$ cat query-v6.txt   # compact mmCIF, C-alpha atoms and all ligand atoms
# COMPACT_ATOMS: atom_id res chain seq x y z
CA MET H 482 39.02 7.75 -18.49
CA PHE H 483 37.24 4.81 -16.90
CA THR H 484 33.63 3.94 -17.60
CA ALA H 485 31.39 1.47 -15.76
CA PRO H 486 31.73 -2.11 -17.11
CA ARG H 487 29.38 -3.00 -19.97
CA GLY H 488 25.99 -4.03 -18.64
CA THR H 489 26.31 -2.12 -15.35
CA ILE H 490 24.80 1.22 -14.46
CA ASP H 491 25.23 3.95 -11.90
CA ILE H 492 22.01 4.87 -10.16
CA LEU H 493 22.46 8.63 -10.03
CA PRO H 494 20.96 10.92 -7.40
CA GLU H 495 18.15 12.05 -9.74
CA ASP H 496 16.92 8.45 -10.00
CA GLN H 497 17.22 7.66 -6.29
CA PRO H 498 13.72 8.93 -5.43
CA TYR H 499 12.30 6.10 -7.62
CA TRP H 500 14.40 3.55 -5.76
CA ARG H 501 13.56 4.92 -2.33
CA PHE H 502 9.89 4.87 -3.24
CA LEU H 503 10.09 1.29 -4.59
CA ASN H 504 11.95 0.02 -1.54
CA ARG H 505 9.53 1.77 0.82
CA THR H 506 6.52 0.37 -1.05
CA ILE H 507 8.04 -3.14 -1.03
CA ASP H 508 8.63 -2.86 2.75
CA GLU H 509 5.03 -1.74 3.33
CA VAL H 510 3.37 -4.39 1.17
CA THR H 511 5.54 -7.30 2.37
CA ALA H 512 4.87 -6.27 6.00
CA ILE H 513 1.09 -6.22 5.37
CA PHE H 514 1.31 -9.73 3.90
CA GLY H 515 3.62 -11.02 6.65
CA TYR H 516 6.74 -11.67 4.52
CA GLN H 517 9.97 -11.26 6.47
CA ARG H 518 13.25 -10.03 5.09
CA ILE H 519 16.13 -12.45 4.50
CA ASP H 520 19.55 -11.62 3.08
CA VAL H 521 21.63 -14.35 1.44
CA PRO H 522 25.27 -14.11 0.26
CA ILE H 523 26.10 -12.49 -3.06
CA PHE H 524 28.13 -15.57 -3.98
CA GLU H 525 27.50 -19.25 -3.32
CA GLU H 526 29.08 -22.56 -4.31
CA THR H 527 28.79 -22.90 -8.07
CA SER H 528 27.21 -26.36 -7.73
CA LEU H 529 24.22 -24.85 -5.87
CA TYR H 530 23.22 -22.99 -9.04
CA VAL H 531 24.18 -25.82 -11.40
CA ARG H 532 21.71 -28.01 -9.50
CA GLY H 533 19.23 -25.37 -8.37
CA VAL H 534 18.91 -23.48 -11.64
CA GLY H 535 19.82 -26.42 -13.83
CA GLU H 536 22.12 -27.45 -16.64
CA GLY H 537 20.56 -26.75 -20.01
CA THR H 538 19.35 -23.31 -18.91
CA ASP H 539 20.83 -20.17 -20.44
CA ILE H 540 21.74 -19.03 -16.93
CA VAL H 541 23.94 -22.00 -16.10
CA ASP H 542 25.25 -22.63 -19.63
CA LYS H 543 26.12 -19.06 -20.64
CA GLU H 544 25.41 -16.40 -18.07
CA MET H 545 27.07 -17.15 -14.73
CA TYR H 546 29.94 -15.14 -13.29
CA SER H 547 31.92 -18.07 -11.89
CA PHE H 548 35.41 -17.96 -10.40
CA LYS H 549 37.82 -19.79 -8.15
CA ASP H 550 38.78 -18.08 -4.90
CA LYS H 551 42.27 -18.22 -3.40
CA GLY H 552 41.29 -21.42 -1.56
CA ASP H 553 40.48 -23.07 -4.90
CA ARG H 554 36.72 -23.11 -4.22
CA ASP H 555 34.31 -22.85 -7.16
CA LEU H 556 32.06 -19.90 -6.50
CA THR H 557 29.46 -17.99 -8.53
CA LEU H 558 27.96 -14.52 -8.13
CA ARG H 559 24.26 -15.21 -7.57
CA PRO H 560 22.38 -15.23 -10.91
CA GLU H 561 19.01 -15.41 -9.07
CA PHE H 562 17.70 -15.65 -5.51
CA THR H 563 15.60 -18.79 -5.21
CA ALA H 564 18.40 -21.38 -4.94
CA GLY H 565 20.18 -19.39 -2.20
CA ILE H 566 16.97 -18.87 -0.24
CA VAL H 567 16.02 -22.56 -0.42
CA ARG H 568 19.58 -23.38 0.67
CA ALA H 569 19.14 -21.05 3.68
CA TYR H 570 15.71 -22.58 4.48
CA LEU H 571 17.26 -26.06 4.57
CA GLN H 572 20.48 -25.04 6.34
CA HIS H 573 18.67 -23.24 9.17
CA GLY H 574 16.00 -25.90 9.71
CA MET H 575 13.14 -23.54 8.84
CA LYS H 576 11.03 -26.65 8.23
CA THR H 577 10.39 -26.69 12.01
CA LEU H 578 8.86 -23.19 11.90
CA PRO H 579 5.14 -22.69 11.21
CA GLN H 580 4.65 -23.20 7.44
CA PRO H 581 4.66 -21.54 5.03
CA VAL H 582 7.81 -19.57 5.77
CA ARG H 583 7.27 -16.25 4.01
CA LEU H 584 10.41 -14.43 2.88
CA HIS H 585 11.44 -11.51 0.72
CA THR H 586 14.67 -9.86 -0.29
CA THR H 587 16.17 -7.32 -2.67
CA GLY H 588 19.70 -6.99 -3.98
CA PRO H 589 21.99 -7.30 -6.98
CA ILE H 590 22.08 -10.40 -9.16
CA PHE H 591 24.58 -11.10 -11.93
CA ARG H 592 24.08 -12.57 -15.38
CA TYR H 593 26.24 -12.28 -18.44
CA GLU H 594 23.40 -11.56 -20.85
CA ARG H 595 22.76 -9.48 -23.90
CA VAL H 596 22.47 -5.88 -22.80
CA GLN H 597 19.23 -4.07 -23.66
CA ALA H 598 16.91 -1.47 -22.14
CA GLY H 599 16.12 -2.37 -18.54
CA ARG H 600 18.31 -5.50 -18.65
CA TYR H 601 21.80 -5.39 -17.19
CA ARG H 602 24.58 -7.78 -16.21
CA GLN H 603 24.34 -6.52 -12.67
CA HIS H 604 20.75 -5.80 -11.90
CA THR H 605 18.69 -5.41 -8.77
CA GLN H 606 15.98 -7.89 -8.07
CA PHE H 607 13.06 -7.93 -5.69
CA ASP H 608 12.26 -11.51 -4.71
CA ILE H 609 9.43 -13.18 -2.79
CA GLU H 610 9.32 -16.80 -1.65
CA ALA H 611 6.82 -18.81 0.43
CA LEU H 612 8.08 -22.26 1.40
CA GLY H 613 6.48 -25.37 2.90
CA GLU H 614 2.88 -25.20 1.67
CA LEU H 615 1.02 -26.74 -1.28
CA ASP H 616 -2.39 -25.09 -0.74
CA PRO H 617 -3.45 -23.20 -3.90
CA ALA H 618 -4.68 -20.43 -1.55
CA LEU H 619 -0.97 -19.64 -1.10
CA ASP H 620 -0.61 -19.24 -4.89
CA ALA H 621 -3.51 -16.79 -4.72
CA GLU H 622 -1.85 -14.93 -1.83
CA ILE H 623 1.46 -14.55 -3.68
CA ILE H 624 -0.33 -13.33 -6.81
CA SER H 625 -2.37 -10.90 -4.69
CA LEU H 626 0.82 -9.59 -3.11
CA ALA H 627 2.22 -8.90 -6.58
CA TRP H 628 -1.05 -7.28 -7.61
CA HIS H 629 -1.18 -5.01 -4.52
CA LEU H 630 2.47 -4.10 -4.87
CA TYR H 631 2.28 -3.04 -8.51
CA GLY H 632 -1.03 -1.29 -7.91
CA ARG H 633 0.44 0.64 -4.99
CA ILE H 634 3.45 1.66 -7.07
CA GLY H 635 0.89 3.22 -9.37
CA PHE H 636 1.13 1.00 -12.47
CA LYS H 637 -1.81 1.29 -14.80
CA ASN H 638 -3.24 -1.40 -17.08
CA LEU H 639 -1.97 -4.39 -15.15
CA ALA H 640 -2.70 -7.82 -16.57
CA LEU H 641 -2.24 -11.20 -14.91
CA GLN H 642 -1.05 -14.06 -17.11
CA LEU H 643 -1.48 -17.58 -15.79
CA ASN H 644 -0.58 -21.14 -16.75
CA SER H 645 0.00 -24.54 -15.19
CA ILE H 646 2.89 -26.68 -16.39
CA GLY H 647 1.86 -29.77 -14.43
CA CYS H 648 4.12 -32.01 -12.37
CA PRO H 649 6.58 -34.90 -12.90
CA GLN H 650 3.55 -37.25 -13.14
CA CYS H 651 1.68 -35.50 -15.92
CA ARG H 652 4.37 -33.53 -17.73
CA PRO H 653 5.92 -36.46 -19.65
CA ALA H 654 2.68 -36.96 -21.61
CA TYR H 655 2.61 -33.25 -22.44
CA MET H 656 6.26 -33.28 -23.47
CA GLN H 657 5.57 -36.19 -25.77
CA ALA H 658 2.72 -34.32 -27.42
CA LEU H 659 4.86 -31.18 -27.73
CA LEU H 660 7.80 -33.07 -29.22
CA ALA H 661 5.52 -34.92 -31.66
CA TYR H 662 3.98 -31.61 -32.76
CA TYR H 663 7.36 -29.91 -33.19
CA GLY H 664 8.70 -33.03 -34.91
CA SER H 665 6.24 -32.42 -37.73
CA HIS H 666 7.34 -28.75 -38.03
CA LEU H 667 11.12 -29.16 -37.72
CA SER H 668 11.94 -27.38 -40.97
CA GLU H 669 9.83 -24.34 -40.04
CA ILE H 670 11.38 -23.43 -36.69
CA CYS H 671 14.39 -21.27 -35.89
CA PRO H 672 17.85 -22.77 -35.16
CA ASP H 673 17.55 -21.79 -31.47
CA CYS H 674 14.35 -23.81 -31.16
CA GLN H 675 15.99 -26.77 -32.88
CA ARG H 676 18.56 -26.71 -30.08
CA ARG H 677 15.93 -26.12 -27.37
CA LEU H 678 14.02 -29.20 -28.48
CA GLU H 679 17.00 -31.30 -27.45
CA ARG H 680 18.03 -29.54 -24.27
CA ASN H 681 15.01 -27.78 -22.82
CA PRO H 682 11.91 -28.41 -24.99
CA LEU H 683 9.36 -26.35 -23.01
CA ARG H 684 11.37 -23.24 -23.83
CA VAL H 685 10.34 -23.38 -27.50
CA LEU H 686 7.06 -21.86 -26.29
CA ASP H 687 8.63 -18.57 -25.25
CA CYS H 688 10.72 -18.16 -28.44
CA LYS H 689 10.54 -14.56 -29.67
CA SER H 690 11.57 -15.28 -33.26
CA GLU H 691 9.07 -14.22 -35.91
CA GLN H 692 9.13 -17.49 -37.83
CA CYS H 693 8.25 -19.55 -34.74
CA GLN H 694 5.09 -17.59 -33.81
CA PRO H 695 2.61 -19.52 -36.00
CA ILE H 696 4.10 -22.80 -34.76
CA ILE H 697 3.75 -21.72 -31.11
CA ALA H 698 0.17 -20.62 -31.72
CA GLY H 699 -0.76 -24.14 -32.88
CA ALA H 700 1.20 -26.03 -30.18
CA PRO H 701 -0.57 -28.24 -27.64
CA HIS H 702 -1.41 -26.58 -24.29
CA SER H 703 0.03 -27.97 -21.04
CA GLN H 704 -3.33 -27.33 -19.32
CA ASP H 705 -4.94 -30.04 -21.47
CA TYR H 706 -2.52 -32.68 -20.13
CA LEU H 707 -2.75 -32.06 -16.37
CA CYS H 708 -3.24 -34.94 -13.94
CA GLU H 709 -6.14 -34.88 -11.47
CA GLU H 710 -4.11 -33.19 -8.70
CA CYS H 711 -2.68 -30.50 -10.97
CA ARG H 712 -6.06 -29.85 -12.58
CA GLU H 713 -7.69 -29.40 -9.17
CA HIS H 714 -4.87 -27.14 -8.00
CA LEU H 715 -5.36 -24.86 -11.01
CA ALA H 716 -9.16 -24.91 -10.67
CA ALA H 717 -8.92 -23.95 -6.97
CA LEU H 718 -6.48 -21.14 -7.72
CA CYS H 719 -8.82 -19.79 -10.41
CA ARG H 720 -11.74 -19.91 -7.96
CA TYR H 721 -9.74 -17.85 -5.42
CA LEU H 722 -8.73 -15.34 -8.07
CA ASP H 723 -12.38 -15.04 -9.20
CA LEU H 724 -13.41 -14.57 -5.57
CA LEU H 725 -10.93 -11.68 -5.26
CA GLY H 726 -12.07 -10.17 -8.55
CA ARG H 727 -8.62 -10.59 -10.03
CA SER H 728 -9.02 -11.18 -13.73
CA TYR H 729 -6.41 -13.29 -15.50
CA THR H 730 -5.61 -14.62 -18.93
CA MET H 731 -4.65 -18.25 -19.40
CA ASN H 732 -1.42 -18.12 -21.42
CA HIS H 733 -0.09 -21.45 -22.64
CA ARG H 734 3.22 -19.85 -23.56
CA LEU H 735 4.22 -19.20 -19.94
CA VAL H 736 6.67 -21.97 -19.06
CA ARG H 737 9.61 -22.77 -16.86
CA GLY H 738 12.12 -25.09 -18.42
CA LEU H 739 13.02 -27.35 -15.52
CA ASP H 740 11.55 -30.44 -13.91
CA TYR H 741 11.34 -29.03 -10.39
CA TYR H 742 9.03 -26.24 -11.55
CA THR H 743 5.49 -27.44 -11.04
CA LYS H 744 1.91 -26.37 -11.52
CA THR H 745 1.38 -22.60 -11.30
CA VAL H 746 3.33 -20.20 -13.51
CA PHE H 747 2.40 -16.52 -13.68
CA GLU H 748 3.49 -13.10 -14.84
CA VAL H 749 2.13 -9.62 -14.22
CA TRP H 750 2.28 -7.35 -17.23
CA ALA H 751 2.18 -3.57 -17.30
CA GLN H 752 1.61 -1.52 -20.41
CA GLY H 753 4.25 0.87 -21.58
CA ILE H 754 7.46 -1.07 -21.97
CA GLY H 755 6.93 -2.45 -25.46
CA ALA H 756 7.95 -6.05 -26.00
CA GLN H 757 9.33 -6.51 -22.49
CA ASN H 758 6.17 -5.87 -20.59
CA ALA H 759 6.41 -8.39 -17.75
CA VAL H 760 7.04 -6.61 -14.44
CA CYS H 761 7.35 -9.90 -12.57
CA GLY H 762 7.45 -13.62 -13.21
CA GLY H 763 7.12 -16.55 -10.87
CA GLY H 764 5.60 -19.87 -10.03
CA ARG H 765 5.76 -23.08 -8.01
CA TYR H 766 8.91 -25.10 -7.58
CA ASP H 767 7.72 -28.02 -5.44
CA GLY H 768 10.70 -30.19 -6.46
CA LEU H 769 13.61 -27.82 -5.77
CA ALA H 770 14.31 -28.49 -2.07
CA GLU H 771 14.67 -32.24 -2.72
CA LEU H 772 17.03 -31.54 -5.58
CA LEU H 773 19.23 -29.58 -3.13
CA GLY H 774 19.30 -32.48 -0.67
CA GLY H 775 16.35 -31.49 1.54
CA SER H 776 13.01 -33.16 2.18
CA HIS H 777 9.99 -32.51 -0.05
CA THR H 778 9.05 -28.83 0.34
CA PRO H 779 6.37 -27.36 -1.90
CA ALA H 780 7.04 -23.66 -2.50
CA ILE H 781 6.15 -20.71 -4.70
CA GLY H 782 7.73 -17.35 -5.42
CA PHE H 783 8.37 -14.60 -7.91
CA GLY H 784 11.06 -12.14 -8.90
CA SER H 785 10.96 -8.66 -10.32
CA GLY H 786 13.77 -6.66 -11.93
CA MET H 787 13.81 -3.29 -10.21
CA GLU H 788 15.58 -1.36 -13.01
CA ARG H 789 12.70 -2.46 -15.23
CA LEU H 790 10.18 -1.31 -12.64
CA VAL H 791 11.83 2.12 -12.62
CA LEU H 792 11.78 2.20 -16.44
CA THR H 793 8.08 1.30 -16.48
CA MET H 794 7.34 3.93 -13.82
CA LYS H 795 8.98 6.55 -16.02
CA GLU H 796 7.17 5.34 -19.14
CA GLN H 797 3.84 5.49 -17.35
CA GLY H 798 4.64 8.94 -15.95
CA ILE H 799 4.23 7.85 -12.34
CA VAL H 800 4.90 10.76 -9.99
CA ILE H 801 6.90 9.99 -6.86
CA PRO H 802 5.48 11.45 -3.65
CA GLU H 803 7.52 14.42 -2.32
CA VAL H 804 10.88 13.65 -0.81
CA THR H 805 12.81 15.86 1.60
CA THR H 806 14.17 18.92 -0.16
CA PRO H 807 15.67 21.98 1.53
CA GLN H 808 12.99 24.18 3.04
CA VAL H 809 15.25 26.93 4.31
CA ALA H 810 18.21 28.72 2.70
CA LEU H 811 20.90 30.41 4.80
CA VAL H 812 22.13 33.58 3.06
CA TYR H 813 25.12 35.59 4.32
CA LEU H 814 27.06 38.71 3.42
CA GLY H 815 30.56 39.09 4.88
CA ASP H 816 32.94 37.00 6.96
CA GLU H 817 31.30 37.49 10.38
CA ALA H 818 27.84 36.85 8.85
CA LYS H 819 29.16 33.62 7.32
CA ILE H 820 30.32 32.41 10.73
CA GLN H 821 26.94 33.15 12.31
CA ALA H 822 25.13 31.58 9.32
CA ILE H 823 27.15 28.37 9.64
CA GLU H 824 26.29 28.17 13.35
CA LEU H 825 22.61 28.70 12.64
CA LEU H 826 22.70 26.24 9.73
CA ASP H 827 24.02 23.52 12.01
CA ALA H 828 21.44 24.27 14.71
CA LEU H 829 18.57 24.15 12.17
CA ARG H 830 19.79 20.83 10.76
CA LEU H 831 20.10 19.38 14.29
CA ALA H 832 16.48 20.45 14.78
CA GLY H 833 15.56 18.32 11.75
CA ILE H 834 15.10 21.10 9.20
CA ALA H 835 16.60 20.56 5.74
CA CYS H 836 18.61 23.66 4.75
CA SER H 837 20.67 24.79 1.82
CA PHE H 838 23.82 26.91 1.98
CA GLU H 839 25.95 28.35 -0.80
CA PHE H 840 29.70 28.11 -0.44
CA GLY H 841 32.26 30.51 -1.85
CA ASP H 842 31.05 33.90 -0.54
CA ARG H 843 28.85 34.57 -3.53
CA SER H 844 26.75 37.71 -3.99
CA LEU H 845 23.36 38.17 -2.32
CA LYS H 846 21.72 37.93 -5.73
CA ALA H 847 23.48 34.65 -6.60
CA GLN H 848 22.60 33.15 -3.22
CA MET H 849 18.93 34.16 -3.54
CA ARG H 850 18.84 32.75 -7.08
CA ALA H 851 20.17 29.41 -5.77
CA ALA H 852 17.55 29.46 -2.99
CA ASN H 853 14.82 29.93 -5.60
CA ARG H 854 16.21 27.09 -7.69
CA GLU H 855 16.16 24.78 -4.65
CA GLY H 856 12.52 25.70 -4.13
CA VAL H 857 12.97 26.64 -0.46
CA ARG H 858 10.11 28.24 1.44
CA LEU H 859 12.17 30.55 3.64
CA ALA H 860 15.43 32.46 3.32
CA LEU H 861 17.32 33.50 6.46
CA ILE H 862 19.57 36.43 5.59
CA ILE H 863 22.45 37.64 7.74
CA GLY H 864 24.27 40.86 6.74
CA ALA H 865 26.28 43.44 8.67
CA ASP H 866 23.22 44.89 10.51
CA GLU H 867 22.01 41.45 11.56
CA VAL H 868 25.50 40.48 12.77
CA ALA H 869 25.66 43.46 15.10
CA ALA H 870 22.15 42.88 16.50
CA LYS H 871 22.45 39.04 16.60
CA GLN H 872 19.40 38.99 14.41
CA VAL H 873 18.36 37.43 11.14
CA THR H 874 16.12 38.72 8.34
CA LEU H 875 13.50 36.20 7.38
CA GLN H 876 11.99 36.23 3.91
CA GLN H 877 9.07 34.06 2.90
CA MET H 878 9.82 33.16 -0.71
CA GLN H 879 6.20 32.86 -1.82
CA ALA H 880 5.13 36.19 -0.31
CA GLU H 881 7.37 38.71 -2.11
CA GLY H 882 8.73 41.42 0.14
CA ALA H 883 7.44 39.98 3.39
CA LEU H 884 10.55 40.63 5.43
CA GLN H 885 10.78 40.12 9.14
CA ARG H 886 13.63 40.71 11.59
CA ILE H 887 13.91 38.20 14.42
CA ALA H 888 16.52 37.34 17.04
CA GLN H 889 18.85 34.52 15.98
CA ALA H 890 18.01 32.80 19.26
CA ASP H 891 14.35 32.61 18.18
CA ALA H 892 15.09 31.48 14.62
CA ILE H 893 14.50 27.73 15.06
CA HIS H 894 11.21 28.24 16.85
CA THR H 895 9.93 30.79 14.32
CA VAL H 896 11.04 28.75 11.29
CA LYS H 897 9.29 25.65 12.66
CA GLN H 898 6.07 27.63 13.23
CA LEU H 899 6.15 29.06 9.71
CA LEU H 900 6.86 25.68 8.10
CA ILE H 901 4.03 24.01 10.01
CA ARG H 902 1.62 26.86 9.17
CA GLY H 903 2.66 26.78 5.53
CA SER H 904 2.14 23.06 5.12
CA SER H 905 -1.37 22.96 6.67
ZN ZN D 1 0.34 -33.30 -12.43
ZN ZN D 2 12.19 -20.32 -32.29
$ encode --input "query-v6.txt" --output "structure tokens" --more "lines below"
Ligand SMILES: [Zn+2]
Ligand SMILES: [Zn+2]
Amino acid sequence: MFTAPRGTIDILPEDQPYWRFLNRTIDEVTAIFGYQRIDVPIFEETSLYVRGVGEGTDIVDKEMYSFKDKGDRDLTLRPEFTAGIVRAYLQHGMKTLPQPVRLHTTGPIFRYERVQAGRYRQHTQFDIEALGELDPALDAEIISLAWHLYGRIGFKNLALQLNSIGCPQCRPAYMQALLAYYGSHLSEICPDCQRRLERNPLRVLDCKSEQCQPIIAGAPHSQDYLCEECREHLAALCRYLDLLGRSYTMNHRLVRGLDYYTKTVFEVWAQGIGAQNAVCGGGRYDGLAELLGGSHTPAIGFGSGMERLVLTMKEQGIVIPEVTTPQVALVYLGDEAKIQAIELLDALRLAGIACSFEFGDRSLKAQMRAANREGVRLALIIGADEVAAKQVTLQQMQAEGALQRIAQADAIHTVKQLLIRGSS
């Protein structure tokens, strides 16, 4: 017996309504905000991610699915979207389009990480990017998009967490302060943080280990070390968020480990998923395009794991709006009735009416029981009498005993009338 590889899941039919609803809501909200869909390849040159995500990150050091193809090329299944989208922006000369270029996508990403609830080695991500604009009003727009999206999905108790991690001008002074502070607490921090201090020091701030929490709480804040430009950028963003009535919490622990991440970092949190309560995370990456060989291109974006969104929806008891379920059951008794029922079934479906039909010549009782289970509104019954008269007996499931004989030729018209009347 085969099972799905560790860290992968099947999205079964009973979960599909959540996914359809999420995808529909994403399409609606991105359209309102003017973000166009882009699709990038599932694999890219490995060096794109080594440069675009960065050596020293868990992703590049431990989590990538890399392989050589039969032409001896080094390729990697995408571990995130941003690098591929910036690559596409540069490759297709999108710099000549009106800026910012607003893009979104969804699809699988691949990371060899520790498997836990809502986190998989193949998982589906929703991703938003806006490229070519430094105005903090764009940061406010992206955050508003996230806010509208999660509100429209129905999440309750949303909280916006905000930080600024500065820029290549002001970050060195902050790093110095952080390293000096941690230098005086070396014996108190976890082994992971000891390593992080050498490779990727900002990441000590999002350590989850119990023993590091008091140290993190006393660490210097990046906000206190911002240069004039970064300070003004943050102040302007906060003014826009205040204007829109979007409350936020400054959180000095929100960081991105790499140099090309700049200024704004944010997460949206939703209650109900315990320790992993971020439903999205994002920020500015004004230095990334240059790192990939392009010209300076300020940009901001965020990503959201969709399996986690589904998990949070379930935990918050969010009800999905009705999806199409069968409204009519075809019920037959005997061979000739089955033939007529199959013809009528096909005609109803062509007319856009969702129908159910039981195979295997089961008893009237069994077929009616199945119709009840499906929750249909009408049953169309064809027995020997109906066959001879080219008629059908129509039963409204809610109104017990309300039987009606109609000509098969009139069935589509009558069914449509009844369904319309019933739904008004
Ligand atoms: Zn700065
Ligand atoms: Zn630690």
$ closest_residue --input "query-v6.txt" --among "H:Ile901, H:Ala658, H:Val541, H:Ala512" --to "Leu626 in chain H" --atoms "only C-alpha atoms"
H:Ala512
$ residues_near_point --input "query-v6.txt" --point "(-6.7, -21.7, -7.2)" --cutoff "10 Å" --atoms "all atoms listed in the file" --output "list of chain:residue names"
H:Asp616, H:Pro617, H:Ala618, H:Leu619, H:Asp620, H:Ala621, H:Glu622, H:Arg712, H:Glu713, H:His714, H:Leu715, H:Ala716, H:Ala717, H:Leu718, H:Cys719, H:Arg720, H:Tyr721, H:Leu722, H:Asp723, H:Leu724, H:Thr745
$ closest_residue --input "query-v6.txt" --among "H:Gly632, H:Gly565, H:Pro579, H:Pro653" --to "Trp750 in chain H" --atoms "all atoms listed in the file"
H:Gly632
$ closest_atom_pairs --input "query-v6.txt" --of "chain H" --to "ligand ZN 1 (chain D)" --cutoff "10 Å" --atoms "all atoms listed in the file" --output "tab-separated table"
residue	atom	partner	partner_atom	distance
H:Ser645	CA	D:ZN1	ZN	9.2
H:Ile646	CA	D:ZN1	ZN	8.1
H:Gly647	CA	D:ZN1	ZN	4.3
H:Cys648	CA	D:ZN1	ZN	4.0
H:Pro649	CA	D:ZN1	ZN	6.5
H:Gln650	CA	D:ZN1	ZN	5.1
H:Cys651	CA	D:ZN1	ZN	4.3
H:Arg652	CA	D:ZN1	ZN	6.7
H:Pro653	CA	D:ZN1	ZN	9.7
H:Gln704	CA	D:ZN1	ZN	9.8
H:Tyr706	CA	D:ZN1	ZN	8.2
H:Leu707	CA	D:ZN1	ZN	5.2
H:Cys708	CA	D:ZN1	ZN	4.2
H:Glu709	CA	D:ZN1	ZN	6.7
H:Glu710	CA	D:ZN1	ZN	5.8
H:Cys711	CA	D:ZN1	ZN	4.4
H:Arg712	CA	D:ZN1	ZN	7.3
H:Glu713	CA	D:ZN1	ZN	9.5
H:His714	CA	D:ZN1	ZN	9.2
H:Thr743	CA	D:ZN1	ZN	7.9
H:Lys744	CA	D:ZN1	ZN	7.2
$ write_last_selection --input "query-v6.txt" --atoms "C-alpha atoms" --output "compact mmCIF listing (two decimals), in the coordinates of the input"
# COMPACT_ATOMS: atom_id res chain seq x y z
CA SER H 645 0.00 -24.54 -15.19
CA ILE H 646 2.89 -26.68 -16.39
CA GLY H 647 1.86 -29.77 -14.43
CA CYS H 648 4.12 -32.01 -12.37
CA PRO H 649 6.58 -34.90 -12.90
CA GLN H 650 3.55 -37.25 -13.14
CA CYS H 651 1.68 -35.50 -15.92
CA ARG H 652 4.37 -33.53 -17.73
CA PRO H 653 5.92 -36.46 -19.65
CA GLN H 704 -3.33 -27.33 -19.32
CA TYR H 706 -2.52 -32.68 -20.13
CA LEU H 707 -2.75 -32.06 -16.37
CA CYS H 708 -3.24 -34.94 -13.94
CA GLU H 709 -6.14 -34.88 -11.47
CA GLU H 710 -4.11 -33.19 -8.70
CA CYS H 711 -2.68 -30.50 -10.97
CA ARG H 712 -6.06 -29.85 -12.58
CA GLU H 713 -7.69 -29.40 -9.17
CA HIS H 714 -4.87 -27.14 -8.00
CA THR H 743 5.49 -27.44 -11.04
CA LYS H 744 1.91 -26.37 -11.52
$ atom_distance --input "query-v6.txt" --atom1 "CA of Val534 in chain H" --atom2 "CA of Ala564 in chain H"
7.0 Å
$ residues_around --input "query-v6.txt" --residues "Tyr729 in chain H" --least-positions-apart "3" --cutoff "8 Å" --atoms "all atoms listed in the file" --output "list in words"
Ala640, Leu641, Gln642 and Leu643 of chain H
$ residues_near_ligand --input "query-v6.txt" --ligand "ligand ZN 2 (chain D)" --cutoff "12 Å" --atoms "only C-alpha atoms and all ligand atoms" --output "PyMOL selection string"
chain H and resi 663+666-678+682-697
$ atom_distance --input "query-v6.txt" --atom1 "CA of Lys897 in chain H" --atom2 "CA of Ser844 in chain H"
27.0 Å
$ closest_residue --input "query-v6.txt" --among "H:Val596, H:Ala852, H:Ile893, H:Met545" --to "Glu526 in chain H" --atoms "only C-alpha atoms"
H:Met545
$ atom_distance --input "query-v6.txt" --atom1 "CA of Ala832 in chain H" --atom2 "CA of Lys819 in chain H"
19.7 Å
$ closest_residue --input "query-v6.txt" --among "H:Thr806, H:Gln898, H:Asn853, H:Thr874" --to "Ala818 in chain H" --atoms "all atoms listed in the file"
H:Thr874
$ closest_residue --input "query-v6.txt" --among "H:Leu503, H:Ile623, H:Leu556, H:Leu612" --to "Leu769 in chain H" --atoms "all atoms listed in the file"
H:Leu612
$ closest_residue --input "query-v6.txt" --among "H:Leu899, H:Ala598, H:Met656, H:Val521" --to "Glu561 in chain H" --atoms "all atoms listed in the file"
H:Val521
$ residues_near_point --input "query-v6.txt" --point "(2.3, -7.2, 1.0)" --cutoff "10 Å" --atoms "all atoms listed in the file" --output "PDB file with C-alpha atoms, keeping the file's coordinate frame"
ATOM      1  CA  THR H 506       6.520   0.370  -1.050  1.00  0.00           C
ATOM      2  CA  ILE H 507       8.040  -3.140  -1.030  1.00  0.00           C
ATOM      3  CA  ASP H 508       8.630  -2.860   2.750  1.00  0.00           C
ATOM      4  CA  GLU H 509       5.030  -1.740   3.330  1.00  0.00           C
ATOM      5  CA  VAL H 510       3.370  -4.390   1.170  1.00  0.00           C
ATOM      6  CA  THR H 511       5.540  -7.300   2.370  1.00  0.00           C
ATOM      7  CA  ALA H 512       4.870  -6.270   6.000  1.00  0.00           C
ATOM      8  CA  ILE H 513       1.090  -6.220   5.370  1.00  0.00           C
ATOM      9  CA  PHE H 514       1.310  -9.730   3.900  1.00  0.00           C
ATOM     10  CA  GLY H 515       3.620 -11.020   6.650  1.00  0.00           C
ATOM     11  CA  TYR H 516       6.740 -11.670   4.520  1.00  0.00           C
ATOM     12  CA  GLU H 622      -1.850 -14.930  -1.830  1.00  0.00           C
ATOM     13  CA  ILE H 623       1.460 -14.550  -3.680  1.00  0.00           C
ATOM     14  CA  SER H 625      -2.370 -10.900  -4.690  1.00  0.00           C
ATOM     15  CA  LEU H 626       0.820  -9.590  -3.110  1.00  0.00           C
ATOM     16  CA  ALA H 627       2.220  -8.900  -6.580  1.00  0.00           C
ATOM     17  CA  TRP H 628      -1.050  -7.280  -7.610  1.00  0.00           C
ATOM     18  CA  HIS H 629      -1.180  -5.010  -4.520  1.00  0.00           C
ATOM     19  CA  LEU H 630       2.470  -4.100  -4.870  1.00  0.00           C
TER      20      LEU H 630
END
$ residues_around --input "query-v6.txt" --residues "Gln879 in chain H" --least-positions-apart "2" --cutoff "10 Å" --atoms "only C-alpha atoms" --output "list in words"
Asn853, Gly856, Val857, Arg858, Leu859, Gln876, Gln877, Glu881, Gly882 and Ala883 of chain H
